[in-house]
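As provided, start.pdb (PDB, C-alpha atoms and all ligand atoms) reads as follows.
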MODEL        1
ATOM      1  CA  MET A  18      67.771   7.883  71.672
ATOM      2  CA  LYS A  19      70.228  10.585  72.697
ATOM      3  CA  ALA A  20      69.139  13.643  74.681
ATOM      4  CA  GLU A  21      70.847  15.947  72.190
ATOM      5  CA  ASP A  22      68.928  14.514  69.213
ATOM      6  CA  GLY A  23      66.875  17.165  67.404
ATOM      7  CA  ILE A  24      63.119  17.060  67.729
ATOM      8  CA  THR A  25      61.021  15.689  64.881
ATOM      9  CA  ILE A  26      57.364  16.620  64.533
ATOM     10  CA  LEU A  27      55.170  14.374  62.429
ATOM     11  CA  LYS A  28      51.591  15.178  61.560
ATOM     12  CA  ILE A  29      49.287  12.440  60.343
ATOM     13  CA  GLY A  30      46.296  13.865  58.546
ATOM     14  CA  GLY A  31      42.743  12.876  59.311
ATOM     15  CA  SER A  32      42.506  12.047  55.605
ATOM     16  CA  VAL A  33      44.942   9.155  56.198
ATOM     17  CA  ILE A  34      43.632   7.580  59.406
ATOM     18  CA  THR A  35      39.883   8.093  58.936
ATOM     19  CA  ASP A  36      37.352   7.797  56.172
ATOM     20  CA  LYS A  37      37.014  11.518  55.728
ATOM     21  CA  SER A  38      33.945  11.257  53.513
ATOM     22  CA  ALA A  39      31.939   9.720  56.397
ATOM     23  CA  ASP A  40      29.648  12.053  58.321
ATOM     24  CA  ASP A  41      30.585  10.561  61.688
ATOM     25  CA  GLY A  42      33.778   9.004  63.064
ATOM     26  CA  ALA A  43      34.996   6.168  60.816
ATOM     27  CA  ALA A  44      38.529   5.079  61.686
ATOM     28  CA  LYS A  45      40.894   3.289  59.315
ATOM     29  CA  HIS A  46      42.282   0.899  61.917
ATOM     30  CA  ASP A  47      44.591  -0.909  59.464
ATOM     31  CA  GLU A  48      46.161   2.393  58.456
ATOM     32  CA  ILE A  49      46.587   3.479  62.085
ATOM     33  CA  GLU A  50      48.343   0.170  62.812
ATOM     34  CA  ARG A  51      50.547   0.356  59.723
ATOM     35  CA  ILE A  52      51.663   3.878  60.590
ATOM     36  CA  ALA A  53      52.240   2.933  64.244
ATOM     37  CA  THR A  54      54.548   0.143  63.070
ATOM     38  CA  GLU A  55      56.461   2.531  60.787
ATOM     39  CA  ILE A  56      56.844   4.980  63.685
ATOM     40  CA  SER A  57      58.090   2.221  65.996
ATOM     41  CA  GLY A  58      61.240   1.938  63.881
ATOM     42  CA  PHE A  59      62.319   5.460  64.873
ATOM     43  CA  ASP A  60      64.198   6.178  68.068
ATOM     44  CA  GLY A  61      64.707   9.957  68.044
ATOM     45  CA  ARG A  62      62.739  12.568  69.971
ATOM     46  CA  LEU A  63      59.339  12.650  68.320
ATOM     47  CA  ILE A  64      56.073  14.540  68.672
ATOM     48  CA  ILE A  65      53.020  13.301  66.804
ATOM     49  CA  VAL A  66      50.064  15.480  65.921
ATOM     50  CA  HIS A  67      47.088  13.917  64.211
ATOM     51  CA  GLY A  68      44.132  15.402  62.443
ATOM     52  CA  ALA A  69      40.489  14.796  63.250
ATOM     53  CA  GLY A  70      39.097  13.653  59.893
ATOM     54  CA  SER A  71      35.552  12.348  60.315
ATOM     55  CA  PHE A  72      36.036  12.439  64.114
ATOM     56  CA  GLY A  73      35.919  16.243  64.202
ATOM     57  CA  HIS A  74      35.176  18.095  60.992
ATOM     58  CA  PRO A  75      31.608  16.842  60.368
ATOM     59  CA  GLN A  76      30.726  17.456  64.042
ATOM     60  CA  ALA A  77      32.221  20.970  64.011
ATOM     61  CA  LYS A  78      30.273  21.668  60.830
ATOM     62  CA  ARG A  79      27.020  20.215  62.221
ATOM     63  CA  TYR A  80      27.174  22.576  65.216
ATOM     64  CA  ALA A  81      28.568  25.470  63.125
ATOM     65  CA  LEU A  82      31.424  25.817  65.612
ATOM     66  CA  THR A  83      33.409  28.092  63.313
ATOM     67  CA  GLU A  84      30.474  30.526  63.271
ATOM     68  CA  LYS A  85      28.945  30.522  66.718
ATOM     69  CA  PHE A  86      29.513  29.354  70.260
ATOM     70  CA  ASP A  87      27.877  26.031  71.092
ATOM     71  CA  ALA A  88      28.929  24.328  74.330
ATOM     72  CA  LYS A  89      27.202  20.991  73.583
ATOM     73  CA  GLY A  90      28.640  20.894  70.075
ATOM     74  CA  ALA A  91      32.098  21.645  71.465
ATOM     75  CA  ILE A  92      31.874  18.738  73.911
ATOM     76  CA  ILE A  93      30.564  16.321  71.271
ATOM     77  CA  THR A  94      33.362  17.332  68.855
ATOM     78  CA  HIS A  95      36.083  17.046  71.507
ATOM     79  CA  ASN A  96      34.837  13.641  72.691
ATOM     80  CA  SER A  97      34.789  12.390  69.127
ATOM     81  CA  VAL A  98      38.379  13.385  68.320
ATOM     82  CA  LYS A  99      39.460  12.026  71.703
ATOM     83  CA  ASN A 100      38.115   8.643  70.599
ATOM     84  CA  LEU A 101      40.318   8.797  67.510
ATOM     85  CA  ASN A 102      43.274   9.795  69.702
ATOM     86  CA  ARG A 103      42.649   6.720  71.854
ATOM     87  CA  PHE A 104      42.839   4.479  68.767
ATOM     88  CA  VAL A 105      46.120   6.124  67.733
ATOM     89  CA  ILE A 106      47.615   5.874  71.225
ATOM     90  CA  ASN A 107      46.587   2.218  71.601
ATOM     91  CA  SER A 108      48.104   1.231  68.256
ATOM     92  CA  LEU A 109      51.339   3.082  69.028
ATOM     93  CA  ASN A 110      51.597   1.479  72.472
ATOM     94  CA  LYS A 111      50.922  -1.942  70.933
ATOM     95  CA  ALA A 112      53.714  -1.322  68.414
ATOM     96  CA  GLY A 113      56.110  -0.557  71.289
ATOM     97  CA  VAL A 114      56.040   3.260  71.132
ATOM     98  CA  ASN A 115      55.622   4.954  74.544
ATOM     99  CA  ALA A 116      52.946   7.306  73.253
ATOM    100  CA  VAL A 117      50.986   9.515  75.642
ATOM    101  CA  PRO A 118      47.947  11.673  74.853
ATOM    102  CA  VAL A 119      48.107  15.475  75.102
ATOM    103  CA  HIS A 120      44.690  17.016  74.478
ATOM    104  CA  PRO A 121      44.953  20.667  73.365
ATOM    105  CA  LEU A 122      41.586  21.419  75.041
ATOM    106  CA  GLY A 123      43.331  21.240  78.400
ATOM    107  CA  ASN A 124      46.548  23.109  77.672
ATOM    108  CA  THR A 125      45.909  25.687  74.944
ATOM    109  CA  VAL A 126      44.232  29.091  74.687
ATOM    110  CA  CYS A 127      43.474  30.774  71.373
ATOM    111  CA  GLU A 128      42.495  34.313  70.461
ATOM    112  CA  ASN A 129      40.240  34.458  67.411
ATOM    113  CA  GLY A 130      41.399  30.994  66.431
ATOM    114  CA  ARG A 131      45.167  31.602  66.798
ATOM    115  CA  ILE A 132      47.208  30.065  69.614
ATOM    116  CA  VAL A 133      48.243  32.620  72.216
ATOM    117  CA  GLN A 134      49.268  30.203  74.941
ATOM    118  CA  MET A 135      50.083  26.515  75.212
ATOM    119  CA  PHE A 136      51.445  24.824  78.319
ATOM    120  CA  ILE A 137      54.329  22.848  76.841
ATOM    121  CA  GLU A 138      56.473  22.154  79.897
ATOM    122  CA  GLY A 139      54.873  18.713  80.170
ATOM    123  CA  ILE A 140      55.761  17.991  76.527
ATOM    124  CA  ARG A 141      59.395  18.939  77.187
ATOM    125  CA  ILE A 142      59.605  16.510  80.102
ATOM    126  CA  MET A 143      57.891  13.784  78.091
ATOM    127  CA  LEU A 144      60.539  14.152  75.373
ATOM    128  CA  GLU A 145      63.389  14.092  77.902
ATOM    129  CA  ASN A 146      62.062  10.822  79.243
ATOM    130  CA  GLY A 147      61.479   9.019  75.974
ATOM    131  CA  PHE A 148      57.715   9.448  75.734
ATOM    132  CA  VAL A 149      56.097  10.347  72.425
ATOM    133  CA  PRO A 150      53.459  13.055  73.034
ATOM    134  CA  VAL A 151      50.484  12.706  70.711
ATOM    135  CA  LEU A 152      48.427  15.866  70.163
ATOM    136  CA  HIS A 153      45.543  16.388  67.790
ATOM    137  CA  GLY A 154      43.255  18.946  66.244
ATOM    138  CA  ASP A 155      40.781  19.896  68.945
ATOM    139  CA  VAL A 156      38.233  22.311  70.354
ATOM    140  CA  VAL A 157      40.040  24.827  72.603
ATOM    141  CA  MET A 158      39.106  27.790  74.778
ATOM    142  CA  ASP A 159      39.269  31.139  72.982
ATOM    143  CA  THR A 160      39.550  34.540  74.694
ATOM    144  CA  VAL A 161      37.280  36.167  72.100
ATOM    145  CA  LEU A 162      35.051  33.414  70.719
ATOM    146  CA  GLY A 163      34.584  31.260  73.800
ATOM    147  CA  ILE A 164      35.758  28.206  71.904
ATOM    148  CA  SER A 165      37.502  27.721  68.594
ATOM    149  CA  ILE A 166      38.628  24.861  66.405
ATOM    150  CA  LEU A 167      42.375  24.432  66.559
ATOM    151  CA  SER A 168      43.833  22.622  63.563
ATOM    152  CA  GLY A 169      46.733  20.210  63.904
ATOM    153  CA  ASP A 170      48.209  22.223  61.033
ATOM    154  CA  GLN A 171      48.551  25.211  63.387
ATOM    155  CA  ILE A 172      49.809  23.125  66.335
ATOM    156  CA  VAL A 173      52.762  21.762  64.325
ATOM    157  CA  PRO A 174      54.494  25.095  63.504
ATOM    158  CA  TYR A 175      53.695  26.466  66.976
ATOM    159  CA  LEU A 176      55.452  23.544  68.666
ATOM    160  CA  ALA A 177      58.279  23.712  66.128
ATOM    161  CA  MET A 178      58.962  27.344  67.070
ATOM    162  CA  GLN A 179      58.595  26.861  70.813
ATOM    163  CA  LEU A 180      60.727  23.725  70.985
ATOM    164  CA  GLY A 181      63.111  24.380  68.109
ATOM    165  CA  ALA A 182      62.221  21.328  66.038
ATOM    166  CA  GLU A 183      64.682  20.028  63.476
ATOM    167  CA  ARG A 184      62.434  18.090  61.099
ATOM    168  CA  ILE A 185      58.772  18.565  60.272
ATOM    169  CA  GLY A 186      56.639  16.242  58.193
ATOM    170  CA  ILE A 187      52.990  16.716  57.322
ATOM    171  CA  GLY A 188      51.587  13.404  56.177
ATOM    172  CA  SER A 189      48.410  13.724  54.143
ATOM    173  CA  ALA A 190      46.728  11.580  51.489
ATOM    174  CA  LYS A 191      48.216  13.229  48.361
ATOM    175  CA  ASP A 192      51.790  13.098  47.029
ATOM    176  CA  GLY A 193      52.467  16.566  48.448
ATOM    177  CA  VAL A 194      51.181  19.798  46.936
ATOM    178  CA  LEU A 195      50.075  19.024  43.395
ATOM    179  CA  ASP A 196      50.172  21.355  40.410
ATOM    180  CA  ASN A 197      47.535  21.650  37.707
ATOM    181  CA  ASP A 198      48.736  18.432  36.033
ATOM    182  CA  GLY A 199      48.648  16.489  39.290
ATOM    183  CA  LYS A 200      52.442  16.554  39.534
ATOM    184  CA  THR A 201      54.106  17.067  42.917
ATOM    185  CA  VAL A 202      55.545  20.546  43.358
ATOM    186  CA  GLU A 203      59.116  20.052  44.554
ATOM    187  CA  ALA A 204      59.451  23.148  46.716
ATOM    188  CA  ILE A 205      57.312  26.116  47.734
ATOM    189  CA  THR A 206      59.009  29.296  48.909
ATOM    190  CA  SER A 207      57.610  32.757  49.561
ATOM    191  CA  SER A 208      58.899  33.672  46.076
ATOM    192  CA  ASN A 209      57.065  31.046  44.028
ATOM    193  CA  PHE A 210      53.980  30.791  46.296
ATOM    194  CA  ARG A 211      52.013  33.374  44.326
ATOM    195  CA  ASP A 212      52.381  31.337  41.111
ATOM    196  CA  ILE A 213      51.456  28.062  42.774
ATOM    197  CA  GLU A 214      48.693  29.375  45.046
ATOM    198  CA  LYS A 215      46.091  29.211  42.282
ATOM    199  CA  TYR A 216      46.422  25.398  42.196
ATOM    200  CA  ILE A 217      46.008  24.967  45.936
ATOM    201  CA  GLY A 218      42.609  24.721  47.517
ATOM    202  CA  ALA A 219      40.566  23.474  50.430
ATOM    203  CA  SER A 220      39.825  19.829  51.142
ATOM    204  CA  GLU A 221      37.705  17.672  48.831
ATOM    205  CA  ASN A 222      36.050  16.388  52.031
ATOM    206  CA  THR A 223      34.613  18.165  55.047
ATOM    207  CA  ASP A 224      37.489  20.099  56.620
ATOM    208  CA  VAL A 225      36.707  23.221  58.597
ATOM    209  CA  THR A 226      40.356  24.251  58.882
ATOM    210  CA  GLY A 227      41.591  25.051  55.401
ATOM    211  CA  GLY A 228      42.723  21.861  53.621
ATOM    212  CA  MET A 229      45.953  21.979  51.658
ATOM    213  CA  LEU A 230      46.058  25.778  51.411
ATOM    214  CA  GLY A 231      45.796  25.980  55.205
ATOM    215  CA  LYS A 232      48.858  23.740  55.569
ATOM    216  CA  VAL A 233      50.962  25.679  53.075
ATOM    217  CA  ASP A 234      49.982  29.002  54.717
ATOM    218  CA  GLU A 235      50.988  27.790  58.183
ATOM    219  CA  LEU A 236      54.273  26.282  57.027
ATOM    220  CA  LEU A 237      55.241  29.314  54.956
ATOM    221  CA  LYS A 238      54.691  31.507  58.011
ATOM    222  CA  LEU A 239      56.944  29.149  59.950
ATOM    223  CA  CYS A 240      59.815  29.287  57.499
ATOM    224  CA  GLU A 241      59.527  33.066  57.236
ATOM    225  CA  THR A 242      60.167  33.383  60.975
ATOM    226  CA  SER A 243      62.633  30.488  61.290
ATOM    227  CA  SER A 244      64.882  28.462  59.027
ATOM    228  CA  ILE A 245      62.800  25.325  59.475
ATOM    229  CA  THR A 246      61.899  23.437  56.287
ATOM    230  CA  SER A 247      58.758  21.264  56.352
ATOM    231  CA  TYR A 248      57.721  18.436  54.040
ATOM    232  CA  ILE A 249      54.166  17.687  52.939
ATOM    233  CA  PHE A 250      54.089  14.056  51.829
ATOM    234  CA  ASN A 251      51.786  11.099  51.225
ATOM    235  CA  ALA A 252      51.429   9.162  54.476
ATOM    236  CA  ALA A 253      48.787   6.940  52.885
ATOM    237  CA  LYS A 254      51.564   5.209  50.898
ATOM    238  CA  ASN A 255      53.179   2.276  52.645
ATOM    239  CA  GLY A 256      56.716   3.109  53.793
ATOM    240  CA  ASN A 257      56.577   6.883  53.407
ATOM    241  CA  VAL A 258      56.346   7.632  57.135
ATOM    242  CA  SER A 259      59.470   5.487  57.714
ATOM    243  CA  LYS A 260      61.202   7.212  54.818
ATOM    244  CA  PHE A 261      60.490  10.653  56.251
ATOM    245  CA  LEU A 262      61.565   9.616  59.757
ATOM    246  CA  ASN A 263      64.779   8.120  58.345
ATOM    247  CA  GLY A 264      65.702  11.480  56.862
ATOM    248  CA  ASP A 265      64.470  11.232  53.258
ATOM    249  CA  ASP A 266      63.146  14.524  51.930
ATOM    250  CA  ILE A 267      59.900  13.430  50.320
ATOM    251  CA  GLY A 268      56.882  15.215  48.893
ATOM    252  CA  THR A 269      56.807  19.006  48.720
ATOM    253  CA  ALA A 270      59.328  21.042  50.713
ATOM    254  CA  ILE A 271      58.032  24.304  52.201
ATOM    255  CA  THR A 272      61.227  26.209  52.651
ATOM    256  CA  ASN A 273      63.079  29.452  52.878
ATOM    257  CA  THR A 274      66.334  28.222  51.396
ATOM    258  CA  GLY A 275      67.093  29.338  47.902
ATOM    259  CA  THR A 276      65.019  32.518  48.192
TER
HETATM  260  N1  LIG B 301      47.122  21.566  45.031
HETATM  261  C1  LIG B 301      46.704  20.601  45.866
HETATM  262  N2  LIG B 301      47.497  19.532  46.121
HETATM  263  C2  LIG B 301      47.088  18.549  46.959
HETATM  264  N3  LIG B 301      45.894  18.557  47.607
HETATM  265  C3  LIG B 301      45.060  19.598  47.403
HETATM  266  C4  LIG B 301      45.436  20.667  46.536
HETATM  267  N4  LIG B 301      44.428  21.590  46.538
HETATM  268  C5  LIG B 301      43.460  21.100  47.343
HETATM  269  N5  LIG B 301      43.828  19.905  47.887
HETATM  270  C6  LIG B 301      42.970  19.125  48.784
HETATM  271  O1  LIG B 301      43.457  19.265  50.112
HETATM  272  C7  LIG B 301      43.385  17.978  50.753
HETATM  273  C8  LIG B 301      44.352  17.930  51.913
HETATM  274  O2  LIG B 301      43.835  18.680  52.980
HETATM  275  P1  LIG B 301      42.982  17.976  54.125
HETATM  276  O3  LIG B 301      41.799  17.237  53.577
HETATM  277  O4  LIG B 301      42.739  18.998  55.174
HETATM  278  O5  LIG B 301      44.031  16.858  54.621
HETATM  279  P2  LIG B 301      44.328  16.314  56.082
HETATM  280  O6  LIG B 301      43.124  15.501  56.461
HETATM  281  O7  LIG B 301      45.530  15.453  55.829
HETATM  282  O8  LIG B 301      44.577  17.486  56.954
HETATM  283  C9  LIG B 301      43.676  17.009  49.651
HETATM  284  O9  LIG B 301      43.226  15.717  49.956
HETATM  285  C10 LIG B 301      42.926  17.637  48.483
HETATM  286  O10 LIG B 301      41.570  17.261  48.535
HETATM  287 MG    MG B 302      42.994  19.132  57.322
ENDMDL
END

Using structure tokens, write down the structure that the file contains.
Amino acid sequence: MKAEDGITILKIGGSVITDKSADDGAAKHDEIERIATEISGFDGRLIIVHGAGSFGHPQAKRYALTEKFDAKGAIITHNSVKNLNRFVINSLNKAGVNAVPVHPLGNTVCENGRIVQMFIEGIRIMLENGFVPVLHGDVVMDTVLGISILSGDQIVPYLAMQLGAERIGIGSAKDGVLDNDGKTVEAITSSNFRDIEKYIGASENTDVTGGMLGKVDELLKLCETSSITSYIFNAAKNGNVSKFLNGDDIGTAITNTGT
């Protein structure tokens, strides 16, 4: 790894590493290990963000955390997603990746659910020293609501802007953004978004943070304020994480180029 290498941010969706139809944390350990092995083949500067899947969404829903303040529910939800983070960290370490946990609860403040502050100096130093910071969707403190649910899908573009990331990949369990015929949309820009929006919806499972439409919204905002292109791809398919990390442009590009 060279210090001047651009930063890559990879998100692994909860739909890939958990059984998202379960109503309490069910990890897909084989998938976590497979993805850890694919990641171990990469030696650039890398940040990983993972989703919560059944380690966060059902709990947040049970305690109605998107509607009202509930301290006990917040703690239960955070502890659950922290357990998933521990599985991810352990598998990465076992595969030879120097992964370290960064829990958003301790370093991020939101206002009405949007990040207003994140302490990222630690992440910068981790990257300089060859560590791979691993963040995740989490419960965070909120200046208005007390607590809010912060999606990994919001963390990714925030970090990309703050750190000037070069490549962004959002690994989920579908072959990108699909159209009405189930075909992968090649590219979404602010110009064609209105036509495609009608095919994009929430999650088929419990997901309190917006499903596929939430991802596209966040990434479109990012490419409107930067020139960063992101790729939504299928991380549930063997080899795709390696392909993305090796520079292949797979899945659906969310981009500003060509507009
Ligand atoms: N047009 C679409 N293309 C792909 N997925 C879609 C689309 N519209 C809705 N979805 C749903 O959004 C889900 C992805 O969002 P989500 O469940 O939040 O994934 P993750 O756990 O990876 O964050 C898909 O699994 C699918 O159920
Ligand atoms: Mg999601």

Which of A:His67, A:Arg184, A:Lys45, A:Arg79 sits closest to ligand LIG 301 (chain B) [using all atoms listed in the file]: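 Under the stated criterion, the closest residue is A:His67.
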
Counting only C-alpha atoms, which of A:Ile187, A:Ala112, A:Leu152, A:Ala182 gets nearest to Phe250 (chain A)?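 Ranked by minimum distance to Phe250 (chain A), first place goes to A:Ile187.
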
Within 10 Å of Ala204 (chain A) using all atoms listed in the file, minus same-chain residues under 4 positions, as a compact mmCIF listing (two decimals) with C-alpha atoms, keeping the file's coordinate frame:
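Written file, result_27.txt:
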# COMPACT_ATOMS: atom_id res chain seq x y z
CA GLY A 193 52.47 16.57 48.45
CA VAL A 194 51.18 19.80 46.94
CA ASN A 209 57.06 31.05 44.03
CA PHE A 210 53.98 30.79 46.30
CA THR A 246 61.90 23.44 56.29
CA SER A 247 58.76 21.26 56.35
CA TYR A 248 57.72 18.44 54.04
CA ILE A 249 54.17 17.69 52.94
CA GLY A 268 56.88 15.22 48.89
CA THR A 269 56.81 19.01 48.72
CA ALA A 270 59.33 21.04 50.71
CA ILE A 271 58.03 24.30 52.20
CA THR A 272 61.23 26.21 52.65
CA ASN A 273 63.08 29.45 52.88
CA THR A 274 66.33 28.22 51.40
CA GLY A 275 67.09 29.34 47.90

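Taking all atoms listed in the file into account, the protein and nucleic acid residues that come at most 8 Å from ligand MG 302 (chain B) are Gly30, Gly31, Ser32, Gly68, Ala69, Gly70, Ser168, Gly169, Asp170, Ser220, Asp224, Val225, Thr226, Gly227, Gly228, Met229, Gly231 and Lys232 of chain A.
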
Residues just named, written with C-alpha atoms as a PDB file, in the frame of the given file:
ATOM      1  CA  GLY A  30      46.296  13.865  58.546  1.00  0.00           C
ATOM      2  CA  GLY A  31      42.743  12.876  59.311  1.00  0.00           C
ATOM      3  CA  SER A  32      42.506  12.047  55.605  1.00  0.00           C
ATOM      4  CA  GLY A  68      44.132  15.402  62.443  1.00  0.00           C
ATOM      5  CA  ALA A  69      40.489  14.796  63.250  1.00  0.00           C
ATOM      6  CA  GLY A  70      39.097  13.653  59.893  1.00  0.00           C
ATOM      7  CA  SER A 168      43.833  22.622  63.563  1.00  0.00           C
ATOM      8  CA  GLY A 169      46.733  20.210  63.904  1.00  0.00           C
ATOM      9  CA  ASP A 170      48.209  22.223  61.033  1.00  0.00           C
ATOM     10  CA  SER A 220      39.825  19.829  51.142  1.00  0.00           C
ATOM     11  CA  ASP A 224      37.489  20.099  56.620  1.00  0.00           C
ATOM     12  CA  VAL A 225      36.707  23.221  58.597  1.00  0.00           C
ATOM     13  CA  THR A 226      40.356  24.251  58.882  1.00  0.00           C
ATOM     14  CA  GLY A 227      41.591  25.051  55.401  1.00  0.00           C
ATOM     15  CA  GLY A 228      42.723  21.861  53.621  1.00  0.00           C
ATOM     16  CA  MET A 229      45.953  21.979  51.658  1.00  0.00           C
ATOM     17  CA  GLY A 231      45.796  25.980  55.205  1.00  0.00           C
ATOM     18  CA  LYS A 232      48.858  23.740  55.569  1.00  0.00           C
TER      19      LYS A 232
END

For Cys127 (chain A), work out the shell of residues within 7 Å, counting only C-alpha atoms and skipping chain neighbours fewer than 3 positions away, then give it as a PyMOL selection string. chain A and resi 130-134+157-160

Taking into account all atoms listed in the file, which residue in the set A:Asp87, A:Asp41, A:Asp47, A:Glu55 is nearest to Gly73 (chain A)? A:Asp41

If I wrap all listed atoms of ligand LIG 301 (chain B) in a box with edges along x, y and z and add 6 Å on each side, what are its centre and edge lengths in Å to one decimal, as AutoDock Vina command-line options?
--center_x 44.5 --center_y 18.5 --center_z 51.0 --size_x 17.9 --size_y 18.1 --size_z 23.9

Output the residue selection produced by the PyMOL selection byres (((chain A and resi 121) around 7) and not hetatm) on the file above, formatted as a ChimeraX atom specification. /A:119-120,122-125,152,155,157

What would the file look like if the residues just selected were written as an mmCIF file, keeping the file's coordinate frame with C-alpha atoms?
data_model
loop_
_atom_site.group_PDB
_atom_site.id
_atom_site.type_symbol
_atom_site.label_atom_id
_atom_site.label_comp_id
_atom_site.auth_asym_id
_atom_site.auth_seq_id
_atom_site.Cartn_x
_atom_site.Cartn_y
_atom_site.Cartn_z
ATOM 1 C CA VAL A 119 48.107 15.475 75.102
ATOM 2 C CA HIS A 120 44.690 17.016 74.478
ATOM 3 C CA LEU A 122 41.586 21.419 75.041
ATOM 4 C CA GLY A 123 43.331 21.240 78.400
ATOM 5 C CA ASN A 124 46.548 23.109 77.672
ATOM 6 C CA THR A 125 45.909 25.687 74.944
ATOM 7 C CA LEU A 152 48.427 15.866 70.163
ATOM 8 C CA ASP A 155 40.781 19.896 68.945
ATOM 9 C CA VAL A 157 40.040 24.827 72.603
#
